[in-house]
>>> print(open('final.txt').read())   # compact mmCIF, C-alpha atoms
# COMPACT_ATOMS: atom_id res chain seq x y z
CA MET A 1 -14.66 -6.67 13.25
CA PRO A 2 -14.62 -3.31 11.47
CA LEU A 3 -12.34 -2.97 8.46
CA VAL A 4 -10.82 0.21 9.89
CA GLU A 5 -10.90 1.49 13.42
CA PHE A 6 -9.43 4.73 14.73
CA ARG A 7 -8.95 4.43 18.51
CA ASP A 8 -8.41 7.77 20.20
CA VAL A 9 -5.91 8.76 17.53
CA GLY A 10 -3.70 11.80 17.93
CA TYR A 11 -0.95 13.23 15.81
CA ARG A 12 1.24 15.85 17.36
CA ILE A 13 4.14 17.40 15.52
CA ALA A 14 6.31 20.34 16.58
CA GLY A 15 4.10 20.96 19.61
CA ARG A 16 0.96 21.27 17.49
CA ASP A 17 -1.95 18.84 17.46
CA ILE A 18 -2.81 17.95 13.88
CA LEU A 19 -5.27 15.34 15.13
CA ALA A 20 -6.54 14.72 18.68
CA HIS A 21 -8.84 12.07 20.14
CA VAL A 22 -10.20 10.87 16.82
CA SER A 23 -12.22 7.66 17.00
CA PHE A 24 -14.43 6.07 14.38
CA THR A 25 -14.98 2.75 12.62
CA LEU A 26 -15.50 1.83 9.00
CA ASP A 27 -17.25 -1.35 7.85
CA ALA A 28 -17.60 -3.03 4.48
CA GLY A 29 -20.20 -1.30 2.32
CA ASP A 30 -19.56 2.00 4.09
CA THR A 31 -18.34 5.25 2.59
CA LEU A 32 -17.16 7.51 5.34
CA VAL A 33 -16.51 11.04 4.15
CA LEU A 34 -14.00 13.05 6.14
CA LEU A 35 -15.20 16.61 5.67
CA GLY A 36 -13.20 19.58 6.83
CA ARG A 37 -11.46 22.80 5.94
CA SER A 38 -7.84 22.98 4.81
CA GLY A 39 -5.60 22.10 7.72
CA SER A 40 -8.32 20.23 9.62
CA GLY A 41 -6.20 17.06 9.57
CA LYS A 42 -8.34 15.07 7.15
CA THR A 43 -5.53 14.11 4.78
CA THR A 44 -3.35 13.14 7.74
CA ALA A 45 -6.13 10.84 8.95
CA LEU A 46 -6.33 9.29 5.49
CA LYS A 47 -2.58 8.73 5.34
CA MET A 48 -2.69 7.04 8.71
CA THR A 49 -5.00 4.40 7.34
CA ASN A 50 -2.43 2.93 4.94
CA GLY A 51 0.59 3.62 7.10
CA MET A 52 1.99 6.63 5.24
CA VAL A 53 1.81 8.39 8.61
CA PHE A 54 1.65 6.81 12.08
CA PRO A 55 -0.28 8.20 15.04
CA THR A 56 1.72 9.70 17.89
CA SER A 57 -1.00 8.54 20.30
CA GLY A 58 -3.82 6.02 20.04
CA GLN A 59 -4.04 3.35 17.34
CA VAL A 60 -5.29 2.86 13.82
CA LEU A 61 -6.43 -0.71 13.22
CA VAL A 62 -6.90 -2.22 9.80
CA GLU A 63 -8.62 -5.61 9.79
CA GLY A 64 -8.15 -5.62 13.54
CA ARG A 65 -4.39 -5.11 13.46
CA ALA A 66 -2.59 -1.86 14.31
CA THR A 67 -0.94 -0.21 11.29
CA THR A 68 2.34 -0.25 13.22
CA GLU A 69 2.16 -4.07 13.33
CA TRP A 70 1.61 -4.48 9.59
CA ASP A 71 4.38 -4.99 7.08
CA PRO A 72 4.26 -1.45 5.61
CA ILE A 73 4.38 -2.60 1.99
CA ARG A 74 1.77 -5.36 2.39
CA LEU A 75 -0.58 -2.90 4.11
CA LYS A 76 -0.30 -0.35 1.29
CA ARG A 77 -0.83 -2.96 -1.43
CA ARG A 78 -4.04 -4.11 0.25
CA ILE A 79 -5.48 -0.62 0.16
CA GLY A 80 -6.38 1.36 -2.96
CA TYR A 81 -5.32 4.98 -2.85
CA VAL A 82 -6.46 7.81 -5.09
CA ILE A 83 -4.30 10.83 -4.51
CA GLN A 84 -5.28 14.49 -4.92
CA GLU A 85 -2.99 15.35 -7.84
CA VAL A 86 -3.69 11.91 -9.39
CA GLY A 87 0.02 11.01 -9.32
CA LEU A 88 -0.08 8.85 -12.43
CA PHE A 89 3.38 7.88 -13.65
CA PRO A 90 4.07 10.13 -16.65
CA HIS A 91 6.42 7.56 -18.22
CA PHE A 92 3.94 4.67 -17.95
CA THR A 93 1.11 4.13 -20.43
CA VAL A 94 -2.47 4.05 -19.17
CA ALA A 95 -2.38 0.23 -19.16
CA GLU A 96 0.94 0.15 -17.27
CA ASN A 97 -0.33 2.63 -14.71
CA ILE A 98 -3.47 0.60 -14.04
CA GLY A 99 -1.60 -2.70 -13.96
CA LEU A 100 1.00 -1.43 -11.50
CA VAL A 101 -0.11 -3.00 -8.23
CA PRO A 102 -1.08 -6.39 -9.77
CA LYS A 103 2.35 -6.46 -11.39
CA LEU A 104 4.06 -5.58 -8.10
CA GLU A 105 2.03 -8.37 -6.53
CA GLY A 106 3.47 -10.79 -9.08
CA TRP A 107 0.35 -11.53 -11.16
CA SER A 108 1.01 -13.28 -14.47
CA ARG A 109 1.08 -11.11 -17.57
CA PRO A 110 -2.23 -12.41 -19.02
CA ASP A 111 -3.95 -11.89 -15.65
CA VAL A 112 -2.72 -8.29 -15.46
CA GLU A 113 -3.79 -7.78 -19.09
CA ARG A 114 -7.27 -9.14 -18.41
CA ARG A 115 -7.70 -7.04 -15.27
CA VAL A 116 -6.56 -3.85 -17.03
CA ASN A 117 -9.02 -4.39 -19.88
CA GLU A 118 -11.84 -5.08 -17.42
CA LEU A 119 -11.10 -1.85 -15.54
CA LEU A 120 -10.74 0.26 -18.67
CA GLU A 121 -14.17 -1.00 -19.71
CA GLU A 122 -15.55 -0.19 -16.26
CA ILE A 123 -14.29 3.41 -16.24
CA GLY A 124 -15.55 4.07 -19.76
CA LEU A 125 -12.15 4.12 -21.49
CA GLY A 126 -12.65 0.73 -23.12
CA SER A 127 -11.63 1.61 -26.66
CA PRO A 128 -8.19 0.15 -27.40
CA GLU A 129 -6.53 3.48 -28.26
CA PHE A 130 -6.49 4.46 -24.56
CA ARG A 131 -4.35 1.53 -23.45
CA THR A 132 -1.18 2.84 -25.02
CA ARG A 133 -1.68 6.53 -24.30
CA TYR A 134 0.41 8.41 -21.78
CA PRO A 135 -1.23 10.40 -18.98
CA ARG A 136 -0.37 13.76 -20.60
CA GLN A 137 -2.46 12.70 -23.63
CA LEU A 138 -5.60 12.45 -21.48
CA SER A 139 -8.03 15.08 -20.20
CA GLY A 140 -8.16 15.84 -16.47
CA GLY A 141 -11.29 13.72 -16.04
CA GLN A 142 -9.80 10.78 -17.93
CA ARG A 143 -6.65 10.97 -15.85
CA GLN A 144 -8.67 10.87 -12.66
CA ARG A 145 -10.61 7.85 -13.97
CA VAL A 146 -7.33 6.08 -14.62
CA GLY A 147 -6.25 7.03 -11.08
CA VAL A 148 -9.40 5.35 -9.72
CA ALA A 149 -8.85 2.29 -11.92
CA ARG A 150 -5.28 1.99 -10.66
CA ALA A 151 -6.52 2.03 -7.06
CA LEU A 152 -9.08 -0.70 -7.87
CA ALA A 153 -6.68 -2.90 -9.81
CA ALA A 154 -5.75 -5.45 -7.15
CA ASP A 155 -9.37 -5.48 -5.95
CA PRO A 156 -8.71 -4.05 -2.49
CA ALA A 157 -11.43 -4.19 0.13
CA LEU A 158 -10.56 -0.70 1.29
CA LEU A 159 -10.20 2.45 -0.82
CA LEU A 160 -8.84 5.84 0.17
CA PHE A 161 -9.72 8.97 -1.78
CA ASP A 162 -7.93 12.26 -1.16
CA GLU A 163 -10.04 15.03 -2.74
CA PRO A 164 -9.92 13.14 -6.02
CA PHE A 165 -12.41 15.30 -7.90
CA GLY A 166 -11.38 18.71 -6.56
CA ALA A 167 -9.57 19.97 -9.65
CA LEU A 168 -12.23 18.95 -12.19
CA ASP A 169 -14.86 21.03 -13.91
CA PRO A 170 -18.36 20.70 -12.37
CA ILE A 171 -19.75 18.49 -15.15
CA THR A 172 -16.86 16.05 -15.12
CA ARG A 173 -16.92 16.03 -11.34
CA ARG A 174 -20.59 15.13 -11.38
CA GLU A 175 -19.94 12.28 -13.83
CA LEU A 176 -17.13 10.90 -11.73
CA GLN A 177 -19.22 11.15 -8.58
CA GLN A 178 -21.95 9.10 -10.32
CA GLN A 179 -19.34 6.56 -11.28
CA PHE A 180 -18.01 6.50 -7.73
CA LEU A 181 -21.51 5.79 -6.40
CA ALA A 182 -22.06 2.99 -8.91
CA LEU A 183 -18.73 1.54 -7.96
CA THR A 184 -19.20 1.60 -4.21
CA ARG A 185 -22.87 0.64 -4.17
CA ASP A 186 -22.55 -2.75 -5.83
CA SER A 187 -19.55 -4.00 -3.95
CA HIS A 188 -18.52 -4.97 -0.49
CA LYS A 189 -15.83 -2.36 -0.42
CA ALA A 190 -15.33 0.32 2.18
CA SER A 191 -14.15 3.79 1.27
CA LEU A 192 -12.67 6.65 3.20
CA PHE A 193 -13.17 9.84 1.22
CA VAL A 194 -11.61 13.21 2.02
CA THR A 195 -13.21 16.40 0.74
CA HIS A 196 -13.88 20.01 1.70
CA ASP A 197 -16.99 20.10 -0.47
CA VAL A 198 -20.10 19.58 1.67
CA ARG A 199 -22.26 18.84 -1.39
CA GLU A 200 -19.88 16.07 -2.40
CA ALA A 201 -19.82 14.77 1.18
CA LEU A 202 -23.61 14.53 1.39
CA ARG A 203 -23.91 12.99 -2.07
CA LEU A 204 -21.27 10.29 -1.70
CA GLY A 205 -21.12 9.42 1.97
CA THR A 206 -23.08 6.80 3.86
CA ARG A 207 -21.69 8.70 6.85
CA VAL A 208 -20.10 12.11 7.13
CA ALA A 209 -17.39 12.82 9.69
CA LEU A 210 -16.66 16.47 10.27
CA LEU A 211 -13.12 17.32 11.32
CA ALA A 212 -12.41 20.73 12.80
CA GLY A 213 -9.00 21.66 14.14
CA GLY A 214 -7.95 18.02 14.32
CA ARG A 215 -10.99 16.94 16.34
CA LEU A 216 -13.97 14.97 15.21
CA GLU A 217 -16.95 17.28 15.63
CA THR A 218 -19.74 15.11 14.23
CA VAL A 219 -20.14 11.67 12.70
CA ALA A 220 -23.58 11.32 11.17
CA THR A 221 -25.52 9.99 8.21
CA PRO A 222 -26.09 12.62 5.52
CA GLN A 223 -29.75 12.99 6.70
CA GLU A 224 -28.69 13.57 10.31
CA PHE A 225 -25.85 15.80 9.21
CA ARG A 226 -28.24 18.20 7.47
CA ARG A 227 -29.88 18.79 10.84
CA ALA A 228 -26.61 19.06 12.77
CA SER A 229 -26.32 21.97 15.14
CA THR A 230 -22.59 22.16 15.89
CA GLY A 231 -20.73 25.31 14.82
CA GLN A 232 -18.60 24.00 12.01
CA ALA A 233 -21.40 21.83 10.62
CA ARG A 234 -23.71 24.85 10.45
CA ALA A 235 -20.97 26.81 8.68
CA PHE A 236 -20.59 24.09 6.07
CA LEU A 237 -24.35 23.70 5.66
CA ALA A 238 -24.72 27.45 5.15
CA GLY A 239 -22.60 26.95 2.03
CA LEU A 240 -25.38 24.75 0.62
CA GLU A 241 -27.90 27.57 0.64
CA ASP A 242 -25.92 29.97 -1.56
CA MET B 1 49.67 16.36 -44.18
CA ARG B 2 52.86 14.45 -43.55
CA PRO B 3 52.16 10.78 -42.98
CA ASP B 4 54.01 10.69 -39.65
CA LEU B 5 51.96 13.65 -38.41
CA ALA B 6 48.74 11.90 -39.46
CA ASN B 7 49.91 8.83 -37.56
CA ASP B 8 50.67 10.91 -34.47
CA VAL B 9 47.26 12.56 -34.63
CA LEU B 10 45.57 9.18 -34.71
CA ARG B 11 47.68 7.71 -31.93
CA LEU B 12 47.33 10.72 -29.63
CA THR B 13 43.58 10.99 -30.33
CA GLY B 14 43.34 7.34 -29.29
CA GLU B 15 45.25 8.08 -26.07
CA HIS B 16 43.05 11.08 -25.47
CA LEU B 17 39.93 8.99 -25.84
CA VAL B 18 41.27 6.42 -23.38
CA LEU B 19 41.96 9.18 -20.82
CA VAL B 20 38.48 10.63 -21.24
CA ALA B 21 36.67 7.28 -21.33
CA SER B 22 38.41 5.90 -18.21
CA SER B 23 37.96 9.05 -16.17
CA MET B 24 34.32 9.37 -17.22
CA ALA B 25 33.64 5.72 -16.43
CA ALA B 26 35.09 6.24 -12.94
CA ALA B 27 33.18 9.51 -12.46
CA ILE B 28 29.87 7.94 -13.53
CA LEU B 29 30.36 4.82 -11.41
CA LEU B 30 31.04 6.99 -8.37
CA GLY B 31 28.93 10.05 -9.15
CA VAL B 32 25.55 8.50 -9.97
CA PRO B 33 25.41 6.32 -6.82
CA ALA B 34 26.66 9.29 -4.78
CA GLY B 35 23.88 11.46 -6.21
CA ILE B 36 21.31 8.77 -5.38
CA LEU B 37 22.71 8.51 -1.85
CA LEU B 38 22.22 12.26 -1.41
CA THR B 39 18.50 11.91 -2.12
CA ARG B 40 18.28 9.24 0.63
CA ARG B 41 20.55 10.80 3.30
CA ALA B 42 19.95 14.51 3.77
CA GLY B 43 22.80 14.70 6.30
CA LEU B 44 25.39 13.80 3.68
CA ARG B 45 24.27 16.47 1.24
CA LYS B 46 26.41 19.31 2.56
CA TRP B 47 29.52 17.15 2.84
CA LEU B 48 29.40 15.42 -0.52
CA LEU B 49 28.36 18.42 -2.59
CA GLY B 50 30.90 20.50 -0.69
CA PHE B 51 33.63 17.99 -1.47
CA ALA B 52 32.71 17.91 -5.17
CA ASN B 53 32.60 21.72 -5.24
CA VAL B 54 36.02 22.05 -3.64
CA ALA B 55 37.51 19.40 -5.90
CA GLN B 56 36.42 21.44 -8.87
CA THR B 57 38.00 24.67 -7.68
CA ILE B 58 41.52 23.23 -7.39
CA PRO B 59 43.55 24.28 -10.46
CA SER B 60 44.32 21.16 -12.46
CA LEU B 61 48.08 21.66 -12.49
CA ALA B 62 48.05 22.06 -8.71
CA LEU B 63 45.97 18.89 -8.38
CA PHE B 64 48.53 17.00 -10.46
CA GLY B 65 51.20 18.36 -8.12
CA PHE B 66 49.30 17.08 -5.08
CA LEU B 67 48.61 13.68 -6.61
CA ILE B 68 52.05 12.87 -8.03
CA PRO B 69 53.63 11.93 -4.65
CA ILE B 70 50.65 9.81 -3.53
CA PRO B 71 51.29 6.08 -3.97
CA LEU B 72 48.81 3.92 -5.96
CA ILE B 73 46.76 6.79 -7.39
CA GLY B 74 49.56 9.23 -8.12
CA GLY B 75 52.83 9.23 -10.01
CA ILE B 76 53.86 10.46 -13.43
CA GLY B 77 51.68 9.30 -16.30
CA PRO B 78 48.09 8.70 -17.32
CA ARG B 79 46.91 7.31 -13.97
CA THR B 80 47.24 10.64 -12.16
CA VAL B 81 45.54 12.37 -15.08
CA ILE B 82 42.60 9.96 -15.00
CA VAL B 83 42.14 10.40 -11.24
CA SER B 84 42.14 14.20 -11.54
CA LEU B 85 39.80 14.26 -14.52
CA ALA B 86 37.41 11.95 -12.69
CA LEU B 87 37.41 14.28 -9.69
CA TYR B 88 36.56 17.24 -11.92
CA ALA B 89 33.78 15.34 -13.67
CA LEU B 90 32.24 14.33 -10.35
CA LEU B 91 30.46 17.56 -9.48
CA PRO B 92 28.16 17.91 -12.51
CA ILE B 93 27.28 14.20 -12.33
CA VAL B 94 26.57 14.10 -8.59
CA ARG B 95 24.65 17.35 -8.68
CA ASN B 96 22.54 16.50 -11.72
CA THR B 97 21.73 13.05 -10.35
CA PHE B 98 20.60 14.60 -7.08
CA VAL B 99 18.68 17.48 -8.68
CA GLY B 100 17.09 15.17 -11.27
CA ILE B 101 15.75 12.76 -8.65
CA ALA B 102 14.77 15.47 -6.17
CA GLY B 103 12.90 17.22 -9.00
CA VAL B 104 10.58 14.29 -9.76
CA ASP B 105 6.99 15.37 -9.05
CA ALA B 106 6.29 14.79 -5.35
CA ALA B 107 2.75 13.56 -6.12
CA VAL B 108 4.18 10.87 -8.39
CA CYS B 109 6.63 9.67 -5.72
CA GLU B 110 3.97 9.78 -3.05
CA SER B 111 1.59 7.71 -5.11
CA ALA B 112 4.38 5.21 -5.82
CA VAL B 113 4.89 4.80 -2.08
CA ALA B 114 1.13 4.65 -1.48
CA MET B 115 0.83 1.86 -4.09
CA GLY B 116 3.24 -0.15 -1.99
CA MET B 117 6.49 0.25 -3.90
CA SER B 118 9.65 -0.46 -1.95
CA ASP B 119 12.34 2.19 -1.96
CA GLY B 120 14.31 0.23 -4.58
CA GLN B 121 11.25 -0.07 -6.82
CA LEU B 122 10.54 3.64 -6.41
CA LEU B 123 14.11 4.40 -7.44
CA ARG B 124 14.37 2.00 -10.38
CA GLN B 125 10.87 2.21 -11.80
CA VAL B 126 9.99 5.84 -11.13
CA GLN B 127 12.77 8.17 -10.05
CA LEU B 128 15.64 7.04 -12.29
CA PRO B 129 13.58 6.89 -15.51
CA LEU B 130 12.08 10.31 -14.81
CA ALA B 131 15.46 11.81 -13.86
CA ALA B 132 17.38 10.11 -16.69
CA GLN B 133 17.42 13.16 -18.89
CA THR B 134 18.83 15.43 -16.19
CA ILE B 135 21.39 12.83 -15.10
CA PHE B 136 22.46 12.41 -18.68
CA ALA B 137 22.77 16.15 -19.17
CA GLY B 138 25.27 16.15 -16.30
CA ILE B 139 27.26 13.33 -17.92
CA ARG B 140 27.25 15.22 -21.19
CA ILE B 141 28.57 18.47 -19.69
CA ALA B 142 31.21 16.55 -17.74
CA THR B 143 32.35 14.64 -20.84
CA VAL B 144 32.66 17.71 -23.04
CA THR B 145 34.61 19.58 -20.33
CA THR B 146 36.83 16.56 -19.70
CA ILE B 147 37.79 16.31 -23.38
CA GLY B 148 39.17 19.85 -23.18
CA THR B 149 40.75 19.53 -19.73
CA ALA B 150 42.44 16.26 -20.65
CA THR B 151 44.89 18.17 -22.89
CA ILE B 152 46.64 19.39 -19.71
CA GLY B 153 47.43 15.77 -18.87
CA ALA B 154 50.39 15.91 -21.24
CA ALA B 155 52.12 18.18 -18.73
CA ILE B 156 52.77 15.18 -16.48
CA GLY B 157 53.28 12.57 -19.16
CA GLY B 158 49.66 11.49 -19.46
CA GLY B 159 49.77 11.58 -23.27
CA GLY B 160 46.80 12.53 -25.40
CA LEU B 161 46.31 15.49 -27.72
CA GLY B 162 47.89 17.84 -25.20
CA VAL B 163 51.26 16.45 -26.30
CA PHE B 164 50.90 18.40 -29.54
CA ILE B 165 49.84 21.55 -27.77
CA PHE B 166 52.72 21.53 -25.26
CA ARG B 167 55.18 20.67 -28.03
CA GLY B 168 53.79 23.50 -30.16
CA ILE B 169 54.05 26.00 -27.32
CA ALA B 170 57.64 24.96 -26.60
CA SER B 171 58.72 25.27 -30.22
CA VAL B 172 56.46 28.25 -31.05
CA ASP B 173 54.82 26.18 -33.79
CA SER B 174 51.15 27.02 -34.36
CA ALA B 175 50.70 24.06 -36.70
CA GLN B 176 51.57 21.71 -33.82
CA ILE B 177 49.20 23.53 -31.47
CA LEU B 178 46.41 23.22 -34.02
CA ALA B 179 47.19 19.54 -34.57
CA GLY B 180 46.25 19.06 -30.90
CA ALA B 181 43.52 21.67 -30.54
CA VAL B 182 41.49 20.89 -33.65
CA PRO B 183 41.01 17.16 -33.01
CA ALA B 184 40.19 17.93 -29.35
CA ALA B 185 37.55 20.42 -30.46
CA VAL B 186 36.14 17.94 -32.97
CA LEU B 187 35.96 15.23 -30.29
CA ALA B 188 34.15 17.63 -27.96
CA LEU B 189 31.63 18.55 -30.66
CA LEU B 190 31.05 14.91 -31.57
CA ALA B 191 30.55 13.97 -27.94
CA ASP B 192 28.18 16.89 -27.40
CA GLY B 193 26.15 16.01 -30.48
CA GLY B 194 26.06 12.28 -29.74
CA PHE B 195 25.16 12.67 -26.10
CA GLY B 196 22.60 15.34 -26.98
CA TRP B 197 20.92 12.88 -29.32
CA ILE B 198 20.76 10.19 -26.63
CA GLU B 199 19.54 12.74 -24.10
CA ARG B 200 16.58 13.69 -26.31
CA ARG B 201 15.69 10.03 -26.73
CA LEU B 202 15.68 9.60 -22.95
CA SER B 203 12.99 12.23 -22.45
CA PRO B 204 10.26 10.64 -20.35
CA ALA B 205 7.19 10.04 -22.51
>>> encode(input="final.txt", output="structure tokens")
Amino acid sequence: MPLVEFRDVGYRIAGRDILAHVSFTLDAGDTLVLLGRSGSGKTTALKMTNGMVFPTSGQVLVEGRATTEWDPIRLKRRIGYVIQEVGLFPHFTVAENIGLVPKLEGWSRPDVERRVNELLEEIGLGSPEFRTRYPRQLSGGQRQRVGVARALAADPALLLFDEPFGALDPITRRELQQQFLALTRDSHKASLFVTHDVREALRLGTRVALLAGGRLETVATPQEFRRASTGQARAFLAGLED
Amino acid sequence: MRPDLANDVLRLTGEHLVLVASSMAAAILLGVPAGILLTRRAGLRKWLLGFANVAQTIPSLALFGFLIPIPLIGGIGPRTVIVSLALYALLPIVRNTFVGIAGVDAAVCESAVAMGMSDGQLLRQVQLPLAAQTIFAGIRIATVTTIGTATIGAAIGGGGLGVFIFRGIASVDSAQILAGAVPAAVLALLADGGFGWIERRLSPA
């Protein structure tokens, strides 16, 4: 059973199709990149996976169960989410931000503590001074690392990334992409990753799904994608040659 | 200062504080939940803010006039004054609560929901702490205004420092007027300073 399955999903609002006839599956160990231009519906697709948005036709299944059947809060806590603008809580310290979901899930204080330290180590912010800092005292790259750590905290099998590295400088972005690869390679997690950057898509994805005007144009491995002949795929690939 | 005047100043300042404290307590207990409700129910927004706006435009003497004949909340004396002052204080509190919560960064609220926070957790752990400063600013403005407005309460037997002012006007005695106005001004300044200090301490990290 795939971890996530989109079955002929559509999302129609105010007479406009944001998504139409989208079908794909995502298995453990997979990183599916949803590539597309602004307004292609990729963020909507991501938000459907953890029940922030529900399809108006078709079904999204997580662990074989439709998102509409899940308890909305349980579903969200099982899925790690890294949002575009990071969305760290400005009034929480780094440690409190990372420990949020475990604490909501009722972990004991020492367990939360241990998990936070483990994650800080993992994202390269292991020195104790970071624990008590507030998000505004961090650089953009550090904030995004904390955002990733927060999504990983309760050890979810499924992770959602909404253009997490878009606002970073190229060097930091590269570093975080390396870290992302290390993170997803040695685990049995599955990730759904939204981006408009074809380079990023080809570097991080085990498969690349191209969304154009709410429809899935291509789903292919990065190698196949480089040879794709559809219109939008060619347009994106042309960007690689500049 | 004559000892009986000093005694009067103390007694009436005490009465004044009771008027302000009771009306502010009522306004906060009603206004903050009402402001929160507005962030949850868009349909109520027009009605509630409209009501608070209208309440504030009624001249206070006229409001006393309306309230006096109403049983339970009206009548001559401090009760009517407290009800009117609470109505006046409502608008800044409701509005600042609403604006403070609505102004919390959308990305922060969205990520709270995406992490699996319930609406109550979102409110208590994220929105209220981040809006606290704005909510408190509303309470501060309302309190300072109420300290001044409360002097009119003496017109319908509500007591407080207004007693001096009305007595002074009636007997053309500036000393009496000042005996009411100066302590009221000092109270307002103290409240402003004290609340301002708390407000700065509430600033989200």
>>> residues_around(input="final.txt", residues="range 39-55 of chain A", least_positions_apart="5", cutoff="6 Å", atoms="only C-alpha atoms", output="list in words")
Gly10, Tyr11, Ile18, Leu19, Thr67, Lys76, Leu211, Ala212, Gly213 and Gly214 of chain A
>>> interface_residues(input="final.txt", of="chain A", to="chain B", cutoff="9 Å", atoms="all atoms listed in the file", output="MDAnalysis selection string")
chainID A and resid 47 50:52 72:93 100:101 104 134 136 150:151
>>> residues_around(input="final.txt", residues="Ala102 in chain B", least_positions_apart="3", cutoff="7 Å", atoms="only C-alpha atoms", output="list in words")
Thr39, Phe98 and Val99 of chain B
>>> closest_residue(input="final.txt", among="A:Gly140, A:Glu200, A:Val60, A:Val146", to="Ile98 in chain A", atoms="only C-alpha atoms")
A:Val146
>>> axis_aligned_box(input="final.txt", around="range 62-73 of chain B", padding_each_side="8 Å", output="JSON")
{"center_x": 49.8, "center_y": 13.0, "center_z": -7.0, "size_x": 23.7, "size_y": 34.1, "size_z": 22.9}
>>> residues_around(input="final.txt", residues="Leu128 in chain B", least_positions_apart="4", cutoff="12 Å", atoms="all atoms listed in the file", output="PyMOL selection string")
(chain A and resi 91) or (chain B and resi 32-33+35-36+39+96-104+109+119-124+132-136+202-204)
>>> atom_distance(input="final.txt", atom1="CA of Thr143 in chain B", atom2="CA of Leu90 in chain B")
10.5 Å
>>> atom_distance(input="final.txt", atom1="CA of Arg200 in chain B", atom2="CA of Ile139 in chain B")
13.6 Å
>>> residues_around(input="final.txt", residues="Trp47 in chain B", least_positions_apart="6", cutoff="12 Å", atoms="all atoms listed in the file", output="PDB file with C-alpha atoms, in the coordinates of the input")
ATOM      1  CA  ALA B  34      26.660   9.290  -4.780  1.00  0.00           C
ATOM      2  CA  LEU B  37      22.710   8.510  -1.850  1.00  0.00           C
ATOM      3  CA  LEU B  38      22.220  12.260  -1.410  1.00  0.00           C
ATOM      4  CA  ARG B  41      20.550  10.800   3.300  1.00  0.00           C
ATOM      5  CA  ASN B  53      32.600  21.720  -5.240  1.00  0.00           C
ATOM      6  CA  VAL B  54      36.020  22.050  -3.640  1.00  0.00           C
TER       7      VAL B  54
END
>>> residues_around(input="final.txt", residues="Gln178 in chain A", least_positions_apart="6", cutoff="12 Å", atoms="only C-alpha atoms", output="list in words")
Ile123, Arg145, Phe165, Ile171, Thr172, Thr184, Arg185, Glu200, Arg203 and Leu204 of chain A
>>> atom_distance(input="final.txt", atom1="CA of Ala6 in chain B", atom2="CA of Ala179 in chain B")
9.2 Å
>>> residues_near_point(input="final.txt", point="(-11.8, -0.5, 10.7)", cutoff="6 Å", atoms="all atoms listed in the file", output="count of residues only")
8
>>> closest_residue(input="final.txt", among="B:Ile141, B:Leu12, B:Leu17, B:Leu30", to="Val163 in chain B", atoms="only C-alpha atoms")
B:Leu12
